[in-house]
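Structure record follows, encoded as structure tokens.
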Amino acid sequence: MTITLPPDYRPSDDEEFMNPLMQEYFRQKLLRWRGELLEASQETLASLQEGGLQEPDIADRATIETERSLELRTRDRARKLIGKIDEALERIDDGSYGYCEETQEPINVRRLEARPIAVLSIEAQERHERMERTYRDD
């Protein structure tokens, strides 16, 4: 069944949570985000493949190496994010998307808008962060 989203559709707290229209909205949002990350990754790969270190100046070479290192770390974060996006898409397919993994309560729509890969409600996330601060060894 194909669902067509109205161009001005935005999920709201007033509608049934994770109805087919809302699910399709988040599916498209996640797929767009994934596409943007993959496109940026391809651009990085192309730029890394095209240039060897031809700079004769050692300071210039160091700068280029630092930039490459930063870019590779950014791409690694993007790769991990793509994995989380794929997991969110799987949750849409299995019907568990948008529900807190801890409480099984719906995650606030505004939170999902801001962080569509969220797996915890704000309350559960805050509990986790408090526990991390309590048990951190620093």
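Identifiers for the structure tokens are assigned positionally: chains receive A, B, ... in sequence, residues are indexed from 1 per chain, and ligands are indexed from 1 in the order shown.
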
Do a neighbour search on stretch 124-127 of chain A at 8 Å with only C-alpha atoms, toss out local chain neighbours closer than 2 positions, and write the hits as a PDB file with N, CA and C atoms, in the first residue's frame.
```pdb
ATOM      1  N   CYS A 100       9.197   4.142  23.146  1.00  0.00           N
ATOM      2  CA  CYS A 100      10.360   4.065  24.009  1.00  0.00           C
ATOM      3  C   CYS A 100      10.742   2.610  24.250  1.00  0.00           C
ATOM      4  N   GLU A 102      12.377   1.475  26.667  1.00  0.00           N
ATOM      5  CA  GLU A 102      12.299   1.155  28.094  1.00  0.00           C
ATOM      6  C   GLU A 102      10.868   1.040  28.592  1.00  0.00           C
ATOM      7  N   THR A 103      10.057   2.020  28.243  1.00  0.00           N
ATOM      8  CA  THR A 103       8.703   2.096  28.817  1.00  0.00           C
ATOM      9  C   THR A 103       7.613   1.630  27.855  1.00  0.00           C
ATOM     10  N   LEU A 120      14.500   6.322  22.984  1.00  0.00           N
ATOM     11  CA  LEU A 120      14.048   6.537  24.354  1.00  0.00           C
ATOM     12  C   LEU A 120      13.232   7.823  24.431  1.00  0.00           C
ATOM     13  N   SER A 121      12.231   7.831  25.297  1.00  0.00           N
ATOM     14  CA  SER A 121      11.499   9.063  25.565  1.00  0.00           C
ATOM     15  C   SER A 121      12.453  10.033  26.261  1.00  0.00           C
ATOM     16  N   ILE A 122      12.073  11.283  26.342  1.00  0.00           N
ATOM     17  CA  ILE A 122      12.930  12.278  27.005  1.00  0.00           C
ATOM     18  C   ILE A 122      13.158  11.869  28.453  1.00  0.00           C
ATOM     19  N   GLU A 129      21.020   9.454  31.416  1.00  0.00           N
ATOM     20  CA  GLU A 129      22.100  10.428  31.575  1.00  0.00           C
ATOM     21  C   GLU A 129      22.429  10.663  33.044  1.00  0.00           C
ATOM     22  N   ARG A 130      21.403  10.685  33.913  1.00  0.00           N
ATOM     23  CA  ARG A 130      21.661  10.828  35.353  1.00  0.00           C
ATOM     24  C   ARG A 130      22.445   9.626  35.871  1.00  0.00           C
ATOM     25  N   MET A 131      22.067   8.423  35.427  1.00  0.00           N
ATOM     26  CA  MET A 131      22.771   7.209  35.857  1.00  0.00           C
ATOM     27  C   MET A 131      24.227   7.239  35.382  1.00  0.00           C
TER      28      MET A 131
END
```

Non-local contacts of A:Ala114 (12 Å; only C-alpha atoms; under 5 positions in same chain excluded) as a list in words: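 Surrounding residues, per the criterion: Phe26, Lys29, Leu30, Ile107, Asn108, Val109 and Ile122 of chain A.
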
Create the file for the chosen residues now, containing N, CA and C atoms and written as a PDB file, in the first residue's frame.
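Result written to result_33.pdb:
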```
ATOM      1  N   PHE A  26       7.887   9.873   8.708  1.00  0.00           N
ATOM      2  CA  PHE A  26       9.185   9.594   9.317  1.00  0.00           C
ATOM      3  C   PHE A  26      10.040   8.690   8.430  1.00  0.00           C
ATOM      4  N   LYS A  29      11.553  11.032   5.941  1.00  0.00           N
ATOM      5  CA  LYS A  29      12.542  11.885   6.620  1.00  0.00           C
ATOM      6  C   LYS A  29      13.845  11.109   6.839  1.00  0.00           C
ATOM      7  N   LEU A  30      13.729   9.872   7.313  1.00  0.00           N
ATOM      8  CA  LEU A  30      14.904   9.037   7.548  1.00  0.00           C
ATOM      9  C   LEU A  30      15.611   8.697   6.239  1.00  0.00           C
ATOM     10  N   ILE A 107       7.047   8.056  22.118  1.00  0.00           N
ATOM     11  CA  ILE A 107       8.035   9.130  22.228  1.00  0.00           C
ATOM     12  C   ILE A 107       7.382  10.381  21.654  1.00  0.00           C
ATOM     13  N   ASN A 108       7.539  11.497  22.318  1.00  0.00           N
ATOM     14  CA  ASN A 108       6.931  12.745  21.890  1.00  0.00           C
ATOM     15  C   ASN A 108       7.261  13.034  20.414  1.00  0.00           C
ATOM     16  N   VAL A 109       6.249  13.452  19.658  1.00  0.00           N
ATOM     17  CA  VAL A 109       6.419  13.722  18.224  1.00  0.00           C
ATOM     18  C   VAL A 109       7.480  14.794  17.984  1.00  0.00           C
ATOM     19  N   ILE A 122      12.073  11.283  26.342  1.00  0.00           N
ATOM     20  CA  ILE A 122      12.930  12.278  27.005  1.00  0.00           C
ATOM     21  C   ILE A 122      13.158  11.869  28.453  1.00  0.00           C
TER      22      ILE A 122
END
```

I want to know what sits within 10 Å of stretch 9-18 of chain A, based on only C-alpha atoms, with residues of the same chain fewer than 6 positions away left out; could you give that as a ChimeraX atom specification? /A:24-26,92,95-99,106-110,112-113

Keeping C-alpha atoms, export the residues of the selection given above as a tab-separated table (two decimals), in the first residue's frame.
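Saved the output as part-v5.tsv:
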```tsv
chain	number	residue	atom	x	y	z
A	24	GLU	CA	5.37	7.43	6.07
A	25	TYR	CA	6.43	10.95	7.07
A	26	PHE	CA	9.19	9.59	9.32
A	92	ILE	CA	8.93	1.47	11.19
A	95	GLY	CA	5.63	-1.33	14.08
A	96	SER	CA	7.88	-0.48	17.04
A	97	TYR	CA	9.09	2.90	15.73
A	98	GLY	CA	8.29	5.86	17.93
A	99	TYR	CA	7.90	3.86	21.12
A	106	PRO	CA	5.06	6.81	22.69
A	107	ILE	CA	8.03	9.13	22.23
A	108	ASN	CA	6.93	12.75	21.89
A	109	VAL	CA	6.42	13.72	18.22
A	110	ARG	CA	8.54	16.88	18.65
A	112	LEU	CA	11.10	12.42	16.92
A	113	GLU	CA	11.08	15.46	14.63
```

Contacts of A:Ala78 within 10 Å, only C-alpha atoms, excl. fewer than 4 positions in-chain, as a ChimeraX atom specification: /A:34,36-38,40-41,72-74,82-84

Those selected residues, please, written with N, CA and C atoms and delivered as a PDB file, in the first residue's frame.
```
ATOM      1  N   ARG A  34      19.421   9.694   5.288  1.00  0.00           N
ATOM      2  CA  ARG A  34      20.352   8.633   4.902  1.00  0.00           C
ATOM      3  C   ARG A  34      20.997   8.957   3.549  1.00  0.00           C
ATOM      4  N   GLU A  36      21.433  11.910   2.179  1.00  0.00           N
ATOM      5  CA  GLU A  36      22.364  13.028   2.334  1.00  0.00           C
ATOM      6  C   GLU A  36      23.699  12.554   2.912  1.00  0.00           C
ATOM      7  N   LEU A  37      23.624  11.673   3.908  1.00  0.00           N
ATOM      8  CA  LEU A  37      24.858  11.152   4.512  1.00  0.00           C
ATOM      9  C   LEU A  37      25.660  10.329   3.515  1.00  0.00           C
ATOM     10  N   LEU A  38      24.977   9.502   2.730  1.00  0.00           N
ATOM     11  CA  LEU A  38      25.670   8.683   1.733  1.00  0.00           C
ATOM     12  C   LEU A  38      26.304   9.550   0.651  1.00  0.00           C
ATOM     13  N   ALA A  40      27.347  12.671   0.974  1.00  0.00           N
ATOM     14  CA  ALA A  40      28.527  13.324   1.558  1.00  0.00           C
ATOM     15  C   ALA A  40      29.686  12.333   1.671  1.00  0.00           C
ATOM     16  N   SER A  41      29.367  11.102   1.989  1.00  0.00           N
ATOM     17  CA  SER A  41      30.394  10.069   2.108  1.00  0.00           C
ATOM     18  C   SER A  41      31.061   9.807   0.759  1.00  0.00           C
ATOM     19  N   LEU A  72      37.783  11.872   7.993  1.00  0.00           N
ATOM     20  CA  LEU A  72      37.554  10.434   8.184  1.00  0.00           C
ATOM     21  C   LEU A  72      36.787  10.157   9.477  1.00  0.00           C
ATOM     22  N   ARG A  73      37.079  10.909  10.531  1.00  0.00           N
ATOM     23  CA  ARG A  73      36.324  10.745  11.782  1.00  0.00           C
ATOM     24  C   ARG A  73      34.863  11.143  11.570  1.00  0.00           C
ATOM     25  N   THR A  74      34.644  12.222  10.820  1.00  0.00           N
ATOM     26  CA  THR A  74      33.287  12.664  10.521  1.00  0.00           C
ATOM     27  C   THR A  74      32.554  11.588   9.725  1.00  0.00           C
ATOM     28  N   ILE A  82      24.177   6.146   9.896  1.00  0.00           N
ATOM     29  CA  ILE A  82      23.430   5.418   8.863  1.00  0.00           C
ATOM     30  C   ILE A  82      22.930   4.092   9.430  1.00  0.00           C
ATOM     31  N   GLY A  83      23.743   3.429  10.227  1.00  0.00           N
ATOM     32  CA  GLY A  83      23.307   2.191  10.883  1.00  0.00           C
ATOM     33  C   GLY A  83      22.100   2.430  11.782  1.00  0.00           C
ATOM     34  N   LYS A  84      22.117   3.540  12.534  1.00  0.00           N
ATOM     35  CA  LYS A  84      20.983   3.868  13.401  1.00  0.00           C
ATOM     36  C   LYS A  84      19.742   4.222  12.575  1.00  0.00           C
TER      37      LYS A  84
END
```

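The closest residue to A:Gln28, picked from A:Gln42, A:Thr63, A:Thr4, A:Ser47 and counting only C-alpha atoms, is A:Thr4.
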
State, in Å with one decimal place, the distance from atom CA of A:Asp93 to atom CA of A:Ala118.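 Taking atom CA of A:Asp93 as the start and atom CA of A:Ala118 as the end point, the length is 15.7 Å.
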